[in-house]
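For reference, the structure is listed below as structure tokens.
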Amino acid sequence: DGAGSARVPASCCGLVGLKPSRGRTPCGPDVGELGFGMACESALTRTVRDAARYLDAIQGPAVGDKYTAPPPLRPYEDELATDPHRLRVAVTTCSWSGAPVDPEVAEAAVRTGRLLEEMGHAVTEASPEADWDAVLRTTMTEMVSIAALLLLAPSRPDPARMEAVSRRILRMAEEMSALDLIAGLDAQNRITRAVGAFFTGYDLLVTPTIARLPAPHGTLRYDDPAHTVESWLRAEFDYGPFTSLFNISGQPAVSLPLAQSRDGLPIGVQLVAPYGREDLLFRVAARLEEAVPWRDRVPPTGLRRVG
């Protein structure tokens with residue numbers, strides 16, 4: 001998950017998608033950090049319990065890790081039965097990119113806020129500040145880190161066998177100067193501190209996971225040679241503008257399949273907790289799963305058996 005790649009498909013497929021805190025899971029030994037600390041390994045699960053068990057299995061520093069998150073006080077699975085007590089919850093449906101949000105998607109996040117309020121939490125409408133140009137610059141810096149793994153490999157991939165945007169990313173990585181790279185990392189620092197400051201006043205943030213309903217394959221036109229790296233990122237973030245901010249800033253986040261559209265398409269709602277507080281994330285997610293169970297949910301239109 002480098003910009004939402006666990007949470008976004010979870011939202012589209014009616015699953016749970018967890019992004020742990022920066023440094024919660026090891027990424028070595030071959031690299032010191034993934035995407036300058038903006039990417040981490042994760043998984044999709046059907047339930048909150050399985051997400052907790054998964055993180056229990058993989059969390060913890062490896063020898064020589066560049067940095068680590070504060071260790072949990074106990075297994076994350078044990079948090080599922082723990083009362084989160086009264087929390088200060090912020091809810092927003094306004095995308096930091098300015099992209100429009102589908103009304104059904106926005107309503108799912110608003111309903112989740114109302115449900116948390118009914119559970120006794122203090123819920124208000126609020127959002128971190130985010131300079132979207134800085135988000136784009138930082139994400140392009142992250143992509144250079146990923147491209148470098150290919151460019152520094154003993155044998156480079158054949159560009160003719162790659163999609164158009166992949167070729168653009170490799171070219172951008174080759175052309176970026178050291179000063180451009182430092183500017184991107186400086187933007188990451190500014191975003192991280194702004195989002196961190198927001199969470200000194202709130203215990204939880206609720207947003208949509210993506211801005212639209214699940215889109216047909218090919219919607220983002222990754223193989224369109226007319227795309228630049230920036231134009232493709234803007235298109236991608238218009239579709240999913242709520243996830244990448246927390247890859248940059250490092251907080252844990254999870255997408256929960258809390259709603260469906262009128263046509264039965266899955267709608268994910270994202271919960272974000274302060275840095276290192278996966279325990280809190282699991283406590284709240286478990287209460288929401290009890291209130292809005294999804295494990296046995298299927299689309300209203302049956303699947304047609306082929307053959």
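Residue numbers start at 1 in each chain; chains themselves are named A, B, ... in the order of the structure tokens; ligands are numbered from 1 in the order shown.
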
- Quick one: everything within 9 Å of Ala62 of chain A, counting only C-alpha atoms, minus sequence neighbours fewer than 4 positions away in the same chain. Send it as a PyMOL selection string. chain A and resi 25-29+68

Atoms to include: N, CA, C and O atoms. Write the selected residues as a PDB file, in the first residue's frame.
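Final output, part-v4.pdb:
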ATOM      1  N   THR A  25       5.677  -2.606  10.261  1.00  0.00           N
ATOM      2  CA  THR A  25       6.045  -3.892   9.683  1.00  0.00           C
ATOM      3  C   THR A  25       7.410  -3.775   9.013  1.00  0.00           C
ATOM      4  O   THR A  25       7.768  -2.729   8.478  1.00  0.00           O
ATOM      5  N   PRO A  26       8.202  -4.834   9.037  1.00  0.00           N
ATOM      6  CA  PRO A  26       9.534  -4.773   8.424  1.00  0.00           C
ATOM      7  C   PRO A  26       9.461  -4.765   6.909  1.00  0.00           C
ATOM      8  O   PRO A  26       8.510  -5.283   6.318  1.00  0.00           O
ATOM      9  N   CYS A  27      10.455  -4.157   6.276  1.00  0.00           N
ATOM     10  CA  CYS A  27      10.502  -4.156   4.807  1.00  0.00           C
ATOM     11  C   CYS A  27      11.860  -4.628   4.302  1.00  0.00           C
ATOM     12  O   CYS A  27      12.098  -4.612   3.104  1.00  0.00           O
ATOM     13  N   GLY A  28      12.746  -5.047   5.183  1.00  0.00           N
ATOM     14  CA  GLY A  28      14.059  -5.506   4.780  1.00  0.00           C
ATOM     15  C   GLY A  28      14.059  -6.983   4.439  1.00  0.00           C
ATOM     16  O   GLY A  28      13.008  -7.614   4.396  1.00  0.00           O
ATOM     17  N   PRO A  29      15.242  -7.536   4.219  1.00  0.00           N
ATOM     18  CA  PRO A  29      16.549  -6.880   4.416  1.00  0.00           C
ATOM     19  C   PRO A  29      17.109  -6.171   3.180  1.00  0.00           C
ATOM     20  O   PRO A  29      18.115  -5.488   3.273  1.00  0.00           O
ATOM     21  N   THR A  68      11.259   2.084  13.631  1.00  0.00           N
ATOM     22  CA  THR A  68      10.177   1.191  14.014  1.00  0.00           C
ATOM     23  C   THR A  68       9.088   1.985  14.722  1.00  0.00           C
ATOM     24  O   THR A  68       9.351   3.025  15.335  1.00  0.00           O
TER      25      THR A  68
END

With a cut-off of 8 Å, could you pull out the residues of segment 219-239 of chain A touching segment 133-136 of chain A and give me the nearest pair of atoms for each, distance in Å to one decimal, using only C-alpha atoms, ordered by chain and ascending number, as a Markdown table?
| residue | atom | partner | partner_atom | distance |
| --- | --- | --- | --- | --- |
| A:Glu230 | CA | A:Leu136 | CA | 7.5 |
| A:Leu233 | CA | A:Leu136 | CA | 7.3 |
| A:Arg234 | CA | A:Leu136 | CA | 7.9 |

- Near Asp78 of chain A, within 10 Å and counting only C-alpha atoms, which residues show up once chain neighbours fewer than 5 positions away are dropped, as a list in words? Arg49, Ala52, Arg53, Asp279, Phe282 and Arg283 of chain A

Could you go through segment 32-273 of chain A and tell me which residues DSSP, when run on the backbone, assigns to alpha helix (DSSP H), listing them as a compact mmCIF listing (two decimals) with N, CA and C atoms, in the first residue's frame?
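After the write, out19.txt holds the following:
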# COMPACT_ATOMS: atom_id res chain seq x y z
N VAL A 48 -12.48 -7.96 10.35
CA VAL A 48 -11.55 -7.20 11.19
C VAL A 48 -10.67 -8.15 12.00
N ARG A 49 -11.25 -9.25 12.47
CA ARG A 49 -10.47 -10.22 13.24
C ARG A 49 -9.29 -10.74 12.43
N ASP A 50 -9.52 -11.06 11.15
CA ASP A 50 -8.44 -11.58 10.34
C ASP A 50 -7.38 -10.52 10.06
N ALA A 51 -7.80 -9.25 9.94
CA ALA A 51 -6.82 -8.17 9.77
C ALA A 51 -5.95 -8.05 11.02
N ALA A 52 -6.56 -8.18 12.20
CA ALA A 52 -5.79 -8.11 13.45
C ALA A 52 -4.82 -9.28 13.55
N ARG A 53 -5.29 -10.47 13.20
CA ARG A 53 -4.41 -11.64 13.26
C ARG A 53 -3.26 -11.52 12.26
N TYR A 54 -3.59 -11.00 11.10
CA TYR A 54 -2.55 -10.80 10.09
C TYR A 54 -1.46 -9.86 10.61
N LEU A 55 -1.88 -8.72 11.19
CA LEU A 55 -0.89 -7.77 11.68
C LEU A 55 -0.11 -8.35 12.85
N ASP A 56 -0.77 -9.14 13.71
CA ASP A 56 -0.04 -9.81 14.80
C ASP A 56 1.06 -10.70 14.24
N ALA A 57 0.78 -11.32 13.09
CA ALA A 57 1.75 -12.27 12.51
C ALA A 57 2.95 -11.57 11.90
N ILE A 58 2.78 -10.36 11.38
CA ILE A 58 3.88 -9.75 10.62
C ILE A 58 4.48 -8.51 11.28
N PRO A 103 -22.43 11.14 -4.21
CA PRO A 103 -23.32 11.31 -3.05
C PRO A 103 -23.51 10.04 -2.24
N GLU A 104 -23.59 8.87 -2.89
CA GLU A 104 -23.75 7.62 -2.14
C GLU A 104 -22.51 7.32 -1.31
N VAL A 105 -21.35 7.63 -1.86
CA VAL A 105 -20.09 7.41 -1.14
C VAL A 105 -20.01 8.36 0.06
N ALA A 106 -20.33 9.62 -0.16
CA ALA A 106 -20.29 10.59 0.93
C ALA A 106 -21.26 10.22 2.03
N GLU A 107 -22.45 9.77 1.66
CA GLU A 107 -23.46 9.42 2.65
C GLU A 107 -23.01 8.25 3.52
N ALA A 108 -22.24 7.31 2.95
CA ALA A 108 -21.74 6.19 3.74
C ALA A 108 -20.83 6.67 4.86
N ALA A 109 -19.96 7.62 4.57
CA ALA A 109 -19.08 8.17 5.60
C ALA A 109 -19.87 8.95 6.65
N VAL A 110 -20.87 9.73 6.19
CA VAL A 110 -21.70 10.50 7.12
C VAL A 110 -22.48 9.56 8.04
N ARG A 111 -23.04 8.49 7.48
CA ARG A 111 -23.78 7.52 8.30
C ARG A 111 -22.87 6.86 9.33
N THR A 112 -21.63 6.59 8.94
CA THR A 112 -20.68 6.01 9.90
C THR A 112 -20.44 6.98 11.05
N GLY A 113 -20.30 8.27 10.75
CA GLY A 113 -20.15 9.26 11.80
C GLY A 113 -21.34 9.29 12.73
N ARG A 114 -22.56 9.21 12.16
CA ARG A 114 -23.76 9.18 13.00
C ARG A 114 -23.80 7.94 13.88
N LEU A 115 -23.37 6.80 13.32
CA LEU A 115 -23.35 5.56 14.09
C LEU A 115 -22.37 5.67 15.25
N LEU A 116 -21.21 6.26 15.01
CA LEU A 116 -20.24 6.44 16.10
C LEU A 116 -20.78 7.40 17.16
N GLU A 117 -21.54 8.39 16.73
CA GLU A 117 -22.15 9.31 17.69
C GLU A 117 -23.17 8.58 18.55
N GLU A 118 -23.96 7.68 17.94
CA GLU A 118 -24.92 6.88 18.69
C GLU A 118 -24.23 5.97 19.69
N TRP A 132 -2.34 20.10 -1.78
CA TRP A 132 -2.43 19.01 -2.74
C TRP A 132 -1.26 18.98 -3.71
N ASP A 133 -0.72 20.12 -4.06
CA ASP A 133 0.47 20.13 -4.90
C ASP A 133 1.63 19.44 -4.19
N ALA A 134 1.73 19.64 -2.86
CA ALA A 134 2.77 18.97 -2.09
C ALA A 134 2.53 17.47 -2.04
N VAL A 135 1.26 17.06 -1.97
CA VAL A 135 0.93 15.63 -2.00
C VAL A 135 1.39 15.01 -3.32
N LEU A 136 1.12 15.69 -4.44
CA LEU A 136 1.54 15.18 -5.74
C LEU A 136 3.06 15.12 -5.84
N ARG A 137 3.74 16.16 -5.39
CA ARG A 137 5.21 16.18 -5.45
C ARG A 137 5.79 15.04 -4.63
N THR A 138 5.24 14.82 -3.45
CA THR A 138 5.75 13.76 -2.58
C THR A 138 5.49 12.39 -3.19
N THR A 139 4.32 12.20 -3.78
CA THR A 139 4.01 10.91 -4.39
C THR A 139 4.92 10.63 -5.58
N MET A 140 5.25 11.65 -6.35
CA MET A 140 6.18 11.46 -7.46
C MET A 140 7.56 11.07 -6.94
N THR A 141 7.94 11.62 -5.79
CA THR A 141 9.21 11.23 -5.16
C THR A 141 9.17 9.76 -4.75
N GLU A 142 8.04 9.34 -4.19
CA GLU A 142 7.88 7.94 -3.82
C GLU A 142 8.00 7.03 -5.04
N MET A 143 7.43 7.45 -6.16
CA MET A 143 7.48 6.63 -7.36
C MET A 143 8.89 6.50 -7.91
N VAL A 144 9.71 7.52 -7.71
CA VAL A 144 11.11 7.43 -8.11
C VAL A 144 11.81 6.33 -7.31
N SER A 145 11.50 6.25 -6.01
CA SER A 145 12.09 5.21 -5.17
C SER A 145 11.73 3.82 -5.69
N ILE A 146 10.47 3.66 -6.10
CA ILE A 146 10.03 2.36 -6.62
C ILE A 146 10.68 2.07 -7.97
N ALA A 147 10.74 3.08 -8.83
CA ALA A 147 11.36 2.90 -10.14
C ALA A 147 12.84 2.55 -10.03
N ALA A 148 13.49 3.09 -9.00
CA ALA A 148 14.93 2.85 -8.84
C ALA A 148 15.24 1.37 -8.67
N LEU A 149 14.30 0.61 -8.08
CA LEU A 149 14.52 -0.83 -7.92
C LEU A 149 14.70 -1.50 -9.28
N LEU A 150 14.00 -1.00 -10.29
CA LEU A 150 14.14 -1.55 -11.64
C LEU A 150 15.35 -0.98 -12.35
N LEU A 151 15.58 0.32 -12.17
CA LEU A 151 16.68 0.97 -12.89
C LEU A 151 18.04 0.52 -12.38
N ALA A 164 2.31 2.35 -20.73
CA ALA A 164 2.79 3.70 -21.04
C ALA A 164 3.20 4.47 -19.79
N VAL A 165 2.38 4.43 -18.74
CA VAL A 165 2.71 5.22 -17.55
C VAL A 165 3.94 4.66 -16.85
N SER A 166 4.13 3.35 -16.88
CA SER A 166 5.35 2.76 -16.31
C SER A 166 6.59 3.31 -17.02
N ARG A 167 6.52 3.40 -18.34
CA ARG A 167 7.66 3.95 -19.07
C ARG A 167 7.90 5.40 -18.68
N ARG A 168 6.83 6.17 -18.50
CA ARG A 168 6.96 7.57 -18.07
C ARG A 168 7.61 7.67 -16.69
N ILE A 169 7.23 6.79 -15.80
CA ILE A 169 7.78 6.83 -14.43
C ILE A 169 9.28 6.53 -14.46
N LEU A 170 9.69 5.55 -15.23
CA LEU A 170 11.12 5.22 -15.32
C LEU A 170 11.90 6.40 -15.90
N ARG A 171 11.33 7.04 -16.91
CA ARG A 171 12.01 8.19 -17.50
C ARG A 171 12.11 9.34 -16.49
N MET A 172 11.03 9.58 -15.74
CA MET A 172 11.05 10.63 -14.72
C MET A 172 12.13 10.35 -13.67
N ALA A 173 12.24 9.08 -13.27
CA ALA A 173 13.24 8.72 -12.26
C ALA A 173 14.66 8.98 -12.77
N GLU A 174 14.90 8.70 -14.04
CA GLU A 174 16.23 8.93 -14.61
C GLU A 174 16.56 10.42 -14.71
N GLU A 175 15.53 11.24 -14.91
CA GLU A 175 15.76 12.67 -15.15
C GLU A 175 15.71 13.51 -13.87
N ALA A 178 18.98 15.44 -7.76
CA ALA A 178 19.05 15.26 -6.31
C ALA A 178 18.28 16.36 -5.60
N LEU A 179 18.33 17.58 -6.12
CA LEU A 179 17.61 18.68 -5.49
C LEU A 179 16.10 18.49 -5.61
N ASP A 180 15.64 17.96 -6.75
CA ASP A 180 14.21 17.66 -6.89
C ASP A 180 13.78 16.62 -5.85
N LEU A 181 14.65 15.63 -5.64
CA LEU A 181 14.35 14.59 -4.67
C LEU A 181 14.25 15.17 -3.26
N ILE A 182 15.20 16.02 -2.91
CA ILE A 182 15.17 16.65 -1.58
C ILE A 182 13.93 17.52 -1.42
N ALA A 183 13.52 18.21 -2.47
CA ALA A 183 12.30 19.03 -2.40
C ALA A 183 11.08 18.16 -2.13
N GLY A 184 11.05 16.98 -2.74
CA GLY A 184 9.93 16.06 -2.49
C GLY A 184 9.92 15.57 -1.05
N LEU A 185 11.08 15.27 -0.51
CA LEU A 185 11.15 14.82 0.89
C LEU A 185 10.81 15.96 1.85
N ASP A 186 11.15 17.18 1.47
CA ASP A 186 10.77 18.34 2.28
C ASP A 186 9.25 18.50 2.29
N ALA A 187 8.61 18.28 1.15
CA ALA A 187 7.14 18.33 1.09
C ALA A 187 6.54 17.24 1.97
N GLN A 188 7.14 16.05 1.97
CA GLN A 188 6.67 14.98 2.84
C GLN A 188 6.74 15.41 4.31
N ASN A 189 7.81 16.04 4.70
CA ASN A 189 7.96 16.50 6.08
C ASN A 189 6.86 17.49 6.45
N ARG A 190 6.56 18.44 5.57
CA ARG A 190 5.53 19.44 5.86
C ARG A 190 4.16 18.77 6.02
N ILE A 191 3.85 17.84 5.14
CA ILE A 191 2.57 17.15 5.23
C ILE A 191 2.48 16.32 6.51
N THR A 192 3.55 15.60 6.82
CA THR A 192 3.56 14.74 8.00
C THR A 192 3.32 15.55 9.27
N ARG A 193 3.93 16.71 9.37
CA ARG A 193 3.76 17.52 10.58
C ARG A 193 2.37 18.14 10.65
N ALA A 194 1.80 18.53 9.51
CA ALA A 194 0.46 19.10 9.51
C ALA A 194 -0.59 18.06 9.92
N VAL A 195 -0.48 16.85 9.36
CA VAL A 195 -1.43 15.80 9.70
C VAL A 195 -1.23 15.36 11.15
N GLY A 196 0.02 15.25 11.58
CA GLY A 196 0.29 14.90 12.97
C GLY A 196 -0.32 15.91 13.93
N ALA A 197 -0.26 17.19 13.59
CA ALA A 197 -0.85 18.22 14.45
C ALA A 197 -2.36 18.05 14.54
N PHE A 198 -2.99 17.66 13.42
CA PHE A 198 -4.44 17.45 13.43
C PHE A 198 -4.83 16.40 14.47
N VAL A 229 3.26 11.56 -15.97
CA VAL A 229 3.16 11.00 -14.63
C VAL A 229 2.19 11.84 -13.80
N GLU A 230 2.32 13.17 -13.92
CA GLU A 230 1.45 14.03 -13.11
C GLU A 230 0.00 13.93 -13.53
N SER A 231 -0.28 13.88 -14.83
CA SER A 231 -1.68 13.81 -15.27
C SER A 231 -2.31 12.49 -14.85
N TRP A 232 -1.51 11.40 -14.88
CA TRP A 232 -2.06 10.13 -14.43
C TRP A 232 -2.32 10.15 -12.93
N LEU A 233 -1.40 10.72 -12.15
CA LEU A 233 -1.62 10.82 -10.70
C LEU A 233 -2.86 11.64 -10.39
N ARG A 234 -3.05 12.73 -11.11
CA ARG A 234 -4.24 13.55 -10.86
C ARG A 234 -5.51 12.77 -11.17
N ALA A 235 -5.50 12.00 -12.24
CA ALA A 235 -6.66 11.17 -12.57
C ALA A 235 -6.88 10.10 -11.50
N GLU A 236 -5.81 9.48 -11.06
CA GLU A 236 -5.90 8.45 -10.03
C GLU A 236 -6.44 9.04 -8.73
N PHE A 237 -5.94 10.21 -8.36
CA PHE A 237 -6.34 10.81 -7.10
C PHE A 237 -7.72 11.47 -7.18
N ASP A 238 -8.19 11.80 -8.37
CA ASP A 238 -9.58 12.22 -8.50
C ASP A 238 -10.51 11.04 -8.18
N TYR A 239 -10.07 9.85 -8.53
CA TYR A 239 -10.84 8.64 -8.23
C TYR A 239 -10.70 8.27 -6.75
N SER A 244 -3.92 8.51 0.01
CA SER A 244 -2.47 8.73 -0.13
C SER A 244 -1.91 9.65 0.94
N LEU A 245 -2.73 10.56 1.46
CA LEU A 245 -2.24 11.50 2.47
C LEU A 245 -1.62 10.77 3.65
N PHE A 246 -2.19 9.62 4.02
CA PHE A 246 -1.74 8.93 5.22
C PHE A 246 -0.59 7.96 4.93
N ASN A 247 -0.34 7.66 3.65
CA ASN A 247 0.94 7.03 3.30
C ASN A 247 2.07 8.01 3.52
N ILE A 248 1.82 9.26 3.15
CA ILE A 248 2.84 10.29 3.31
C ILE A 248 3.10 10.58 4.77
N SER A 249 2.03 10.70 5.57
CA SER A 249 2.18 11.12 6.97
C SER A 249 2.39 9.96 7.94

- One residue among A:Val89, A:Ala226, A:Pro154, A:Val31 is nearest to Val123 of chain A when using only C-alpha atoms, and that residue is A:Val89

- Task: Go ahead and compute the interatomic distance for atom CA of Ala286 of chain A and atom CA of Ile210 of chain A, in Å to one decimal.
- Result: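 Computing the Euclidean distance for atom CA of Ala286 of chain A and atom CA of Ile210 of chain A yields 21.3 Å.
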
- Message: Residues within 12 Å of Glu41 of chain A, please, as a PyMOL selection string. Count only C-alpha atoms; anything in the same chain fewer than 2 positions from it doesn't count.
- Response: chain A and resi 1-7+17-28+33-35+37-39+43-44+54-55+58-59+247

- Please identify all polymer residues within 10 Å of Cys94 of chain A, counting only C-alpha atoms, omitting same-chain residues fewer than 6 positions from it, and present them as number ranges by chain. A: 100-101, 106, 126-127, 207-208, 211, 241-242

- Item | Atomic distance atom CA of Thr124 of chain A - atom CA of Pro70 of chain A, expressed in Å with one decimal | 28.4 Å

- All strand (DSSP E) residues (DSSP, backbone) inside segment 97-180 of chain A, as a PyMOL selection string: chain A and resi 122-125

Write out, as a short mmCIF file (atom, residue, chain, number, x, y, z; two decimals), in the first residue's frame, the residues just selected, with all heavy atoms.
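And here's again.cif as it stands now:
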data_model
loop_
_atom_site.label_atom_id
_atom_site.label_comp_id
_atom_site.auth_asym_id
_atom_site.auth_seq_id
_atom_site.Cartn_x
_atom_site.Cartn_y
_atom_site.Cartn_z
N ALA A 122 -17.86 11.67 20.56
CA ALA A 122 -18.06 13.07 20.20
C ALA A 122 -17.64 13.24 18.75
O ALA A 122 -16.45 13.13 18.41
CB ALA A 122 -17.23 13.97 21.11
N VAL A 123 -18.59 13.50 17.86
CA VAL A 123 -18.34 13.54 16.42
C VAL A 123 -18.54 14.96 15.90
O VAL A 123 -19.56 15.59 16.16
CB VAL A 123 -19.28 12.56 15.68
CG1 VAL A 123 -19.05 12.62 14.18
CG2 VAL A 123 -19.09 11.14 16.20
N THR A 124 -17.55 15.45 15.18
CA THR A 124 -17.63 16.78 14.56
C THR A 124 -17.11 16.69 13.13
O THR A 124 -16.39 15.76 12.77
CB THR A 124 -16.80 17.82 15.33
OG1 THR A 124 -15.44 17.36 15.40
CG2 THR A 124 -17.33 18.02 16.74
N GLU A 125 -17.48 17.68 12.33
CA GLU A 125 -16.97 17.76 10.97
C GLU A 125 -15.65 18.51 10.99
O GLU A 125 -15.59 19.67 11.39
CB GLU A 125 -17.97 18.47 10.07
CG GLU A 125 -17.57 18.49 8.60
CD GLU A 125 -18.62 19.12 7.71
OE1 GLU A 125 -19.79 19.20 8.14
OE2 GLU A 125 -18.27 19.52 6.58
#

- Message: Just to confirm, what's the straight-line distance from atom CA of Tyr202 of chain A to atom CA of Ala90 of chain A in Å (one decimal)?
- Response: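 Computing it gives 6.6 Å between the two atoms.
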
- Message: Let me make sure I understand: among A:Pro257, A:Pro225, A:Gly268, A:Gly201, which one has the smallest atom-to-atom distance to Arg295 of chain A if we use only C-alpha atoms?
- Response: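 Closest to Arg295 of chain A of all the choices is A:Pro257.
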